[in-house]
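Q: Below: one structure in C-alpha cells.
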There are 2 protein chains.
Amino acid sequence: MTLEGDWFIEQAPEADMALGLKLRGKLADERSPYQHIEIYETESFGRLMVIDGCVMLTARDNFVYHEMMAHVSLFTHPDPRRVVIIGGGDCGTLKEVLKHPGVEHVLQVEIDEAVTRLAAEYFPELCESNDDPRAEFYFGDGIRWINDAEPGSVDVIIVDSTDPVGPAEGLFAEPFYRACRRALGERGIFVQQSESPLLHTRILKQVHAGLRAAGFADTAWAGFPQATYPSGWWSATLAGADVKDFRETAAAAKTFPTRYYTAGVHRGALAMPAFVEEALAN
Amino acid sequence: MTLEGDWFIEQAPEADMALGLKLRGKLADERSPYQHIEIYETESFGRLMVIDGCVMLTARDNFVYHEMMAHVSLFTHPDPRRVVIIGGGDCGTLKEVLKHPGVEHVLQVEIDEAVTRLAAEYFPELCESNDDPRAEFYFGDGIRWINDAEPGSVDVIIVDSTDPVGPAEGLFAEPFYRACRRALGERGIFVQQSESPLLHTRILKQVHAGLRAAGFADTAWAGFPQATYPSGWWSATLAGADVKDFRETAAAAKTFPTRYYTAGVHRGALAMPAFVEEALAN
C-alpha cells in the first residue's frame, strides 16, 4: 500500500516500523556542521522539526515530552535553583523549567545553534521565554561543559538529546554520567530521555546500569506517551539520592498551567510496567 | 519519501497520520459477512491481524491492551464472578480474564466467528485458554444479547470492540450503555476501549457523557500506550458506582503473571493528563 500525496515518513529500522505525517509543505532545510535539520508544515500535527530524518517534535504533541522532562525532575529536587539543560535546542524544555518560580538560573548547552535559531523562527511558542533574564544560552559541547563544571554547582541536569547515535552517543555513557554526578553533588537530580521502553529496552537497561555504576544511589523510570516518536511510547530516566519520591503536595498545588503533567500523572509515570521492572531488575 | 519493500500501512485519516509495519508476507485474507480480515507476518511485530484496514493486534504489543481491558475492570469489581466480553473475538482479553481464579463464567459475545477462528489458527498464544470450562462462546449481536440479559446478572461487562464506525457504532451509544447498566445492577463494572486521547478527545468525552446519562454514578479513565494503534496512545473508560478505587492490595498480591499490568500501573493509569481532565470536566 502507498500513501497518496506528500508525506514525511520516519522509519525505525530497529523495529521495521514507520510513522507517516501528511505534509502541506517544507519550510526550511539546513545542513549545520552537526546535522541535517528540516522544518515542515503538516496537515494535522502543526509544524514538524526533523533532524537527520528523525522527528524531533511537532507543534501538536511536544507538550507531553517537554513537560515530563522538566517537571518530573524539578519536582523531584527539594529546591531546584540552578538548572542545566544539555541539548534541548528547541527550547521547549527550557520554557517549562522557567515556569518554576524558584528557579534562579537555567543554562542551555546546545551543540548546534542552528536548532535554536530555527526553533525561534518556526516554533515561537516554545521560545517565548527565551528572553527571561534567568535563561542563558551556550552553544557548545555538553560533555565538555559538564566535565569543566564546578563540583556541586548544579541542582538539576536535564539531558534532552537526540538518540544515542552520532553527536549524542557520549551522553549515554558512564564517563558522562560520572561527570554529571560530580557537577550535581549529593542532592542533585539527573534526568535523561531514554528512548522507547518497547523498542529500546536494552538502551533503558544500559542507562540505568550506567547511572548506578557512575555512583548515583537511586534511579527511576518515568514513562509517557509520545505519538510522533517510534512506538508512540517514550521514557525518561531519573537518577539521584532518592528519585522515587517527589514534592507531590507542591506539584498538586503548582500555580502554572500544564497540558499533560499533573501530580497524579507524575506518580503514575513512576510505576513500571511488569516487563520493564523485570528488565531493570536483571 | 517511500518505503522500500513490502509494508502494511494504516492511515488514520482523522489525523493525517500513518503507521507502517514491514511485512514478510500475507497469511490469510477473508471477507466475512461483517468485515474484511487479513493476517500478515511482520518483520518485527510478529503476526498482525487487520480488520477493514485497521490494526486489530500484533503478537508483539497486544499484551498491553488485553491486560488493561481485563485486569483494570476485574480488580475494580469487589468480587467478579460472571463476566461478559462484547467483541473480543481474538480471545486475548478472555485469556486475561480467565487468569482470575474467582471468575466462574465468561461469555464472549462476538458478532463475527471468522475473527475467533482466524485467531485460533494464527494467534494460538491468545487462544490457549479457550478450552477452559468457564469460557463460553456465543457468536451473535452484542447489543441484542445485553438487551435480553437478566437484570443484575453480570458482574463485569468488557466492551472490546473495533472503532465506533460500522458494526461497533451502536456500542458507543446511550441505549446500549443503559442496557449494560441494567444487566450489571448496582455493583457491576463496565469497561470499554475508548480510542486515542490525543486524536479522539471528542469520542472520549461522548463515552463519559453517555455513560453518565445512562445512569452510571461514576466514570474513570485508564490510559495506556499501544504502539500499533493510531498515535500509540489508547484509553479505556470505566463506569460503575465507584471506579476510581480498586482492590489494590489484591492486585499487588496477584498470583498470575502479567507483562504490563501491575497494581502501580493500574493506579497510574487512572491519573488523567491535564488536558483530558479539562476535556471531561466540560
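Letters A, B, ... go to the chains of the C-alpha cells in the order shown; residues in each chain start at 1; ligands are counted from 1 in the same order.
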Could the residues of chain A within 7 Å of chain B, counting only C-alpha atoms, be given as JSON, numbers by chain, please?
A: {"A": [1, 7, 8, 9, 15, 16, 17, 18, 19, 20, 21, 22, 43, 44, 225, 227, 231, 232, 233, 258, 259, 260, 261, 262, 264, 265, 267, 268, 269, 271, 272, 273, 274, 275]}
Q: Would you mind exporting N, CA and C atoms of the selected residues as a compact mmCIF listing (two decimals), in the first residue's frame?
A:
```txt
# COMPACT_ATOMS: atom_id res chain seq x y z
N MET A 1 0.84 -1.20 0.00
CA MET A 1 0.00 0.00 0.00
C MET A 1 0.88 1.25 0.00
N TRP A 7 4.02 12.99 2.04
CA TRP A 7 4.14 12.53 3.43
C TRP A 7 5.58 12.57 3.90
N PHE A 8 5.76 12.94 5.15
CA PHE A 8 7.03 12.68 5.82
C PHE A 8 6.94 11.28 6.42
N ILE A 9 7.95 10.48 6.17
CA ILE A 9 7.97 9.13 6.73
C ILE A 9 9.27 8.90 7.49
N ALA A 15 12.92 -1.57 14.39
CA ALA A 15 11.62 -2.21 14.64
C ALA A 15 10.84 -2.47 13.37
N ASP A 16 11.45 -2.21 12.21
CA ASP A 16 10.75 -2.37 10.94
C ASP A 16 9.36 -1.73 11.00
N MET A 17 9.37 -0.52 11.53
CA MET A 17 8.15 0.22 11.81
C MET A 17 8.32 1.61 11.21
N ALA A 18 7.22 2.25 10.81
CA ALA A 18 7.33 3.58 10.24
C ALA A 18 6.18 4.46 10.71
N LEU A 19 6.48 5.75 10.81
CA LEU A 19 5.47 6.75 11.13
C LEU A 19 5.36 7.69 9.94
N GLY A 20 4.13 8.00 9.56
CA GLY A 20 3.91 8.96 8.48
C GLY A 20 3.10 10.14 8.96
N LEU A 21 3.49 11.32 8.51
CA LEU A 21 2.71 12.54 8.80
C LEU A 21 2.48 13.25 7.47
N LYS A 22 1.22 13.54 7.18
CA LYS A 22 0.91 14.18 5.90
C LYS A 22 1.36 15.64 5.92
N GLU A 43 -0.28 18.45 7.94
CA GLU A 43 -1.73 18.68 7.83
C GLU A 43 -2.39 18.79 9.20
N SER A 44 -2.04 17.89 10.14
CA SER A 44 -2.78 17.82 11.40
C SER A 44 -1.93 17.92 12.65
N PRO A 225 3.39 8.73 26.93
CA PRO A 225 3.11 8.57 25.51
C PRO A 225 3.77 9.68 24.71
N ALA A 227 3.32 10.48 20.72
CA ALA A 227 2.72 9.97 19.49
C ALA A 227 3.67 9.93 18.30
N SER A 231 7.12 4.00 18.16
CA SER A 231 6.25 3.20 19.04
C SER A 231 5.28 4.05 19.85
N GLY A 232 5.38 5.37 19.76
CA GLY A 232 4.42 6.23 20.47
C GLY A 232 4.55 6.18 21.98
N TRP A 233 5.64 5.63 22.47
CA TRP A 233 5.80 5.41 23.90
C TRP A 233 7.25 5.72 24.24
N THR A 258 -0.20 23.44 32.89
CA THR A 258 0.41 22.39 32.07
C THR A 258 -0.72 21.72 31.30
N ARG A 259 -0.37 21.00 30.26
CA ARG A 259 -1.40 20.30 29.48
C ARG A 259 -1.35 18.81 29.72
N TYR A 260 -0.19 18.27 30.09
CA TYR A 260 -0.07 16.84 30.37
C TYR A 260 0.22 16.59 31.84
N TYR A 261 1.25 17.23 32.35
CA TYR A 261 1.73 16.96 33.70
C TYR A 261 0.73 17.35 34.79
N THR A 262 0.52 16.43 35.72
CA THR A 262 -0.16 16.73 36.98
C THR A 262 0.61 15.91 38.04
N GLY A 264 -0.64 13.65 39.87
CA GLY A 264 -1.09 12.25 39.69
C GLY A 264 -0.40 11.58 38.50
N VAL A 265 -0.25 12.33 37.42
CA VAL A 265 0.45 11.80 36.25
C VAL A 265 1.91 11.49 36.60
N ARG A 267 3.14 10.71 39.62
CA ARG A 267 3.12 9.49 40.43
C ARG A 267 2.92 8.26 39.53
N GLY A 268 1.96 8.38 38.60
CA GLY A 268 1.66 7.26 37.70
C GLY A 268 2.81 6.90 36.79
N ALA A 269 3.55 7.92 36.33
CA ALA A 269 4.65 7.69 35.39
C ALA A 269 5.78 6.89 36.04
N ALA A 271 5.41 4.36 37.97
CA ALA A 271 5.04 2.94 38.06
C ALA A 271 5.59 2.20 36.84
N MET A 272 6.37 1.18 37.09
CA MET A 272 6.96 0.43 35.98
C MET A 272 6.05 -0.69 35.50
N PRO A 273 5.82 -0.77 34.20
CA PRO A 273 5.18 -1.96 33.65
C PRO A 273 5.97 -3.20 34.05
N ALA A 274 5.27 -4.32 34.17
CA ALA A 274 5.91 -5.55 34.65
C ALA A 274 7.17 -5.90 33.86
N PHE A 275 7.13 -5.79 32.53
CA PHE A 275 8.30 -6.22 31.75
C PHE A 275 9.47 -5.25 31.92
```
Q: Of the candidates A:Ile203, A:Ile157, A:Ala70, A:Val165, which shows the shortest atom-to-atom distance to Arg181 in chain A, using only C-alpha atoms?
A: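 Residue with the minimum atom-to-atom distance to Arg181 in chain A: A:Ile157.
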Q: If you run DSSP over the backbone, which residues in range 65-249 of chain B end up alpha helix (DSSP H)? Put them as a PyMOL selection string.
A: chain B and resi 65-74+92-97+113-122+142-148+174-184+201-213+248-249
Q: Take the residues that were just selected and, keeping C-alpha atoms, output them as a PDB file, in the first residue's frame.
A:
```
ATOM      1  CA  TYR B  65      -4.278  -3.626  25.623  1.00  0.00           C
ATOM      2  CA  HIS B  66      -5.569  -7.032  26.696  1.00  0.00           C
ATOM      3  CA  GLU B  67      -4.145  -6.841  30.209  1.00  0.00           C
ATOM      4  CA  MET B  68      -5.522  -3.341  30.733  1.00  0.00           C
ATOM      5  CA  MET B  69      -9.008  -4.231  29.450  1.00  0.00           C
ATOM      6  CA  ALA B  70      -9.219  -7.299  31.692  1.00  0.00           C
ATOM      7  CA  HIS B  71      -7.374  -6.559  34.921  1.00  0.00           C
ATOM      8  CA  VAL B  72      -8.341  -2.914  35.443  1.00  0.00           C
ATOM      9  CA  SER B  73     -12.040  -3.786  35.354  1.00  0.00           C
ATOM     10  CA  LEU B  74     -11.760  -7.061  37.288  1.00  0.00           C
ATOM     11  CA  GLY B  92      -6.737 -12.040  24.167  1.00  0.00           C
ATOM     12  CA  THR B  93      -8.967 -10.331  26.725  1.00  0.00           C
ATOM     13  CA  LEU B  94     -10.697 -13.631  27.502  1.00  0.00           C
ATOM     14  CA  LYS B  95      -7.355 -15.243  28.277  1.00  0.00           C
ATOM     15  CA  GLU B  96      -6.521 -12.464  30.764  1.00  0.00           C
ATOM     16  CA  VAL B  97      -9.961 -12.617  32.409  1.00  0.00           C
ATOM     17  CA  GLU B 113     -16.987 -16.095  14.190  1.00  0.00           C
ATOM     18  CA  ALA B 114     -14.338 -15.651  11.480  1.00  0.00           C
ATOM     19  CA  VAL B 115     -12.283 -13.442  13.834  1.00  0.00           C
ATOM     20  CA  THR B 116     -12.169 -16.135  16.507  1.00  0.00           C
ATOM     21  CA  ARG B 117     -11.500 -18.917  14.020  1.00  0.00           C
ATOM     22  CA  LEU B 118      -8.585 -16.997  12.469  1.00  0.00           C
ATOM     23  CA  ALA B 119      -7.243 -16.058  15.918  1.00  0.00           C
ATOM     24  CA  ALA B 120      -7.232 -19.728  16.933  1.00  0.00           C
ATOM     25  CA  GLU B 121      -5.274 -20.548  13.803  1.00  0.00           C
ATOM     26  CA  TYR B 122      -2.800 -17.655  13.699  1.00  0.00           C
ATOM     27  CA  GLY B 142     -23.750  -7.992  21.486  1.00  0.00           C
ATOM     28  CA  ILE B 143     -26.369  -5.240  21.685  1.00  0.00           C
ATOM     29  CA  ARG B 144     -29.218  -7.732  21.418  1.00  0.00           C
ATOM     30  CA  TRP B 145     -27.585 -10.043  23.961  1.00  0.00           C
ATOM     31  CA  ILE B 146     -27.226  -7.222  26.501  1.00  0.00           C
ATOM     32  CA  ASN B 147     -30.809  -6.068  25.858  1.00  0.00           C
ATOM     33  CA  ASP B 148     -32.072  -9.577  26.636  1.00  0.00           C
ATOM     34  CA  GLU B 174     -26.554   5.668  25.263  1.00  0.00           C
ATOM     35  CA  PRO B 175     -29.218   2.961  24.685  1.00  0.00           C
ATOM     36  CA  PHE B 176     -26.510   0.301  24.838  1.00  0.00           C
ATOM     37  CA  TYR B 177     -24.997   1.862  27.972  1.00  0.00           C
ATOM     38  CA  ARG B 178     -28.452   1.886  29.579  1.00  0.00           C
ATOM     39  CA  ALA B 179     -28.933  -1.809  28.797  1.00  0.00           C
ATOM     40  CA  CYS B 180     -25.461  -2.568  30.212  1.00  0.00           C
ATOM     41  CA  ARG B 181     -26.320  -0.733  33.414  1.00  0.00           C
ATOM     42  CA  ARG B 182     -29.487  -2.814  33.745  1.00  0.00           C
ATOM     43  CA  ALA B 183     -27.598  -6.091  33.148  1.00  0.00           C
ATOM     44  CA  LEU B 184     -24.928  -5.094  35.662  1.00  0.00           C
ATOM     45  CA  THR B 201     -10.768  13.518  22.652  1.00  0.00           C
ATOM     46  CA  ARG B 202     -14.302  14.137  21.370  1.00  0.00           C
ATOM     47  CA  ILE B 203     -15.162  10.410  21.433  1.00  0.00           C
ATOM     48  CA  LEU B 204     -13.712  10.132  24.932  1.00  0.00           C
ATOM     49  CA  LYS B 205     -15.994  12.957  26.077  1.00  0.00           C
ATOM     50  CA  GLN B 206     -19.015  11.343  24.410  1.00  0.00           C
ATOM     51  CA  VAL B 207     -18.330   7.997  26.063  1.00  0.00           C
ATOM     52  CA  HIS B 208     -18.088   9.512  29.537  1.00  0.00           C
ATOM     53  CA  ALA B 209     -21.151  11.717  28.985  1.00  0.00           C
ATOM     54  CA  GLY B 210     -23.143   8.809  27.536  1.00  0.00           C
ATOM     55  CA  LEU B 211     -22.333   6.545  30.477  1.00  0.00           C
ATOM     56  CA  ARG B 212     -23.317   9.222  32.994  1.00  0.00           C
ATOM     57  CA  ALA B 213     -26.538   9.903  31.088  1.00  0.00           C
ATOM     58  CA  GLU B 248      -5.095  -2.517  45.137  1.00  0.00           C
ATOM     59  CA  THR B 249      -3.846  -4.990  47.737  1.00  0.00           C
TER      60      THR B 249
END
```
Q: Using DSSP assignments from the backbone, pull out every residue in range 26-144 of chain B that falls under strand (DSSP E) and give it to me as a count of residues only.
A: 40
Q: Would you kindly return, as a PDB file with N, CA, C and O atoms, in the first residue's frame, each protein, DNA or RNA residue with an atom no farther than 10 Å from any atom of Asp112 in chain A, considering only C-alpha atoms and excluding same-chain residues fewer than 6 positions away?
A:
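What landed in part_27.pdb:
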```
ATOM      1  N   SER A  32      23.645  21.918   9.091  1.00  0.00           N
ATOM      2  CA  SER A  32      24.569  22.580  10.016  1.00  0.00           C
ATOM      3  C   SER A  32      25.847  21.759  10.053  1.00  0.00           C
ATOM      4  O   SER A  32      25.916  20.683   9.457  1.00  0.00           O
ATOM      5  N   PRO A  33      26.887  22.211  10.776  1.00  0.00           N
ATOM      6  CA  PRO A  33      28.093  21.377  10.879  1.00  0.00           C
ATOM      7  C   PRO A  33      27.811  20.041  11.570  1.00  0.00           C
ATOM      8  O   PRO A  33      28.632  19.122  11.492  1.00  0.00           O
ATOM      9  N   TYR A  34      26.668  19.923  12.246  1.00  0.00           N
ATOM     10  CA  TYR A  34      26.401  18.723  13.047  1.00  0.00           C
ATOM     11  C   TYR A  34      25.345  17.796  12.459  1.00  0.00           C
ATOM     12  O   TYR A  34      25.400  16.588  12.632  1.00  0.00           O
ATOM     13  N   GLN A  35      24.348  18.396  11.793  1.00  0.00           N
ATOM     14  CA  GLN A  35      23.219  17.570  11.391  1.00  0.00           C
ATOM     15  C   GLN A  35      22.376  18.243  10.310  1.00  0.00           C
ATOM     16  O   GLN A  35      22.570  19.409   9.979  1.00  0.00           O
ATOM     17  N   GLY A  87      21.583  19.828  25.452  1.00  0.00           N
ATOM     18  CA  GLY A  87      20.739  19.662  24.268  1.00  0.00           C
ATOM     19  C   GLY A  87      19.565  20.614  24.384  1.00  0.00           C
ATOM     20  O   GLY A  87      19.741  21.783  24.733  1.00  0.00           O
ATOM     21  N   GLY A  89      17.755  22.125  22.276  1.00  0.00           N
ATOM     22  CA  GLY A  89      17.871  23.304  21.426  1.00  0.00           C
ATOM     23  C   GLY A  89      16.556  23.920  20.983  1.00  0.00           C
ATOM     24  O   GLY A  89      16.502  25.108  20.665  1.00  0.00           O
ATOM     25  N   TYR A 138      24.324  28.709  25.831  1.00  0.00           N
ATOM     26  CA  TYR A 138      25.715  28.462  25.459  1.00  0.00           C
ATOM     27  C   TYR A 138      25.705  27.406  24.358  1.00  0.00           C
ATOM     28  O   TYR A 138      25.141  26.324  24.525  1.00  0.00           O
ATOM     29  N   PHE A 139      26.280  27.746  23.234  1.00  0.00           N
ATOM     30  CA  PHE A 139      26.321  26.791  22.133  1.00  0.00           C
ATOM     31  C   PHE A 139      27.687  26.123  22.126  1.00  0.00           C
ATOM     32  O   PHE A 139      28.699  26.754  21.791  1.00  0.00           O
ATOM     33  N   GLY A 140      27.700  24.880  22.553  1.00  0.00           N
ATOM     34  CA  GLY A 140      28.966  24.167  22.631  1.00  0.00           C
ATOM     35  C   GLY A 140      28.731  22.735  23.069  1.00  0.00           C
ATOM     36  O   GLY A 140      27.588  22.261  23.143  1.00  0.00           O
ATOM     37  N   ASP A 141      29.813  22.074  23.387  1.00  0.00           N
ATOM     38  CA  ASP A 141      29.794  20.639  23.686  1.00  0.00           C
ATOM     39  C   ASP A 141      29.340  20.401  25.137  1.00  0.00           C
ATOM     40  O   ASP A 141      30.014  20.817  26.084  1.00  0.00           O
TER      41      ASP A 141
END
```
Q: Quick check, in Å to one decimal: how far apart do CA of Thr237 in chain A and CA of Gln108 in chain A lie?
A: 19.2 Å
Q: With only C-alpha atoms as the atoms that count, which of A:Glu186, A:Glu136, A:Asp155, A:Asp29 lies nearest to Arg82 in chain A?
A: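 Closest to Arg82 in chain A, using only C-alpha atoms: A:Asp155.
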Q: What's the separation between CA of Arg247 in chain A and CA of Pro78 in chain A, in Å to one decimal place?
A: 7.0 Å
Q: Do you have the CA of Ser161 in chain A-CA of Ile86 in chain A distance handy?
A: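 These atoms are spaced 7.0 Å apart.
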Q: With distances taken over only C-alpha atoms, which residue among A:Leu171, A:Ala239, A:Ala281, A:Ala252 lies nearest Thr76 in chain A?
A: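 Among the listed residues, A:Ala239 lies closest to Thr76 in chain A.
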Q: Excluding Ile37 in chain B and any residue of its chain fewer than 2 positions from it, enumerate the residues within 6 Å of it, using only C-alpha atoms, and give them as number ranges by chain.
A: B: 29-30, 50-51
Q: Using the selection just defined, write its residues with N, CA, C and O atoms as a tab-separated table (two decimals), in the first residue's frame.
A:
```tsv
chain	number	residue	atom	x	y	z
B	29	ASP	N	-6.60	-14.02	4.16
B	29	ASP	CA	-7.40	-12.90	3.66
B	29	ASP	C	-8.82	-13.42	3.51
B	29	ASP	O	-9.10	-14.28	2.68
B	30	GLU	N	-9.72	-12.91	4.36
B	30	GLU	CA	-11.08	-13.45	4.36
B	30	GLU	C	-12.09	-12.32	4.45
B	30	GLU	O	-11.93	-11.40	5.26
B	50	VAL	N	-5.52	-7.54	10.80
B	50	VAL	CA	-6.06	-6.27	10.30
B	50	VAL	C	-7.54	-6.47	9.99
B	50	VAL	O	-7.91	-7.47	9.36
B	51	ILE	N	-8.39	-5.59	10.45
B	51	ILE	CA	-9.81	-5.64	10.10
B	51	ILE	C	-10.21	-4.34	9.41
B	51	ILE	O	-9.99	-3.25	9.96
```
Q: Compare A:Gly88, A:Pro124, A:Pro151, A:Gly102 by their minimum atom-to-atom distance to Gln192 in chain A, counting only C-alpha atoms, and give me the closest one.
A: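 Distance minimum relative to Gln192 in chain A lands on A:Gly88.
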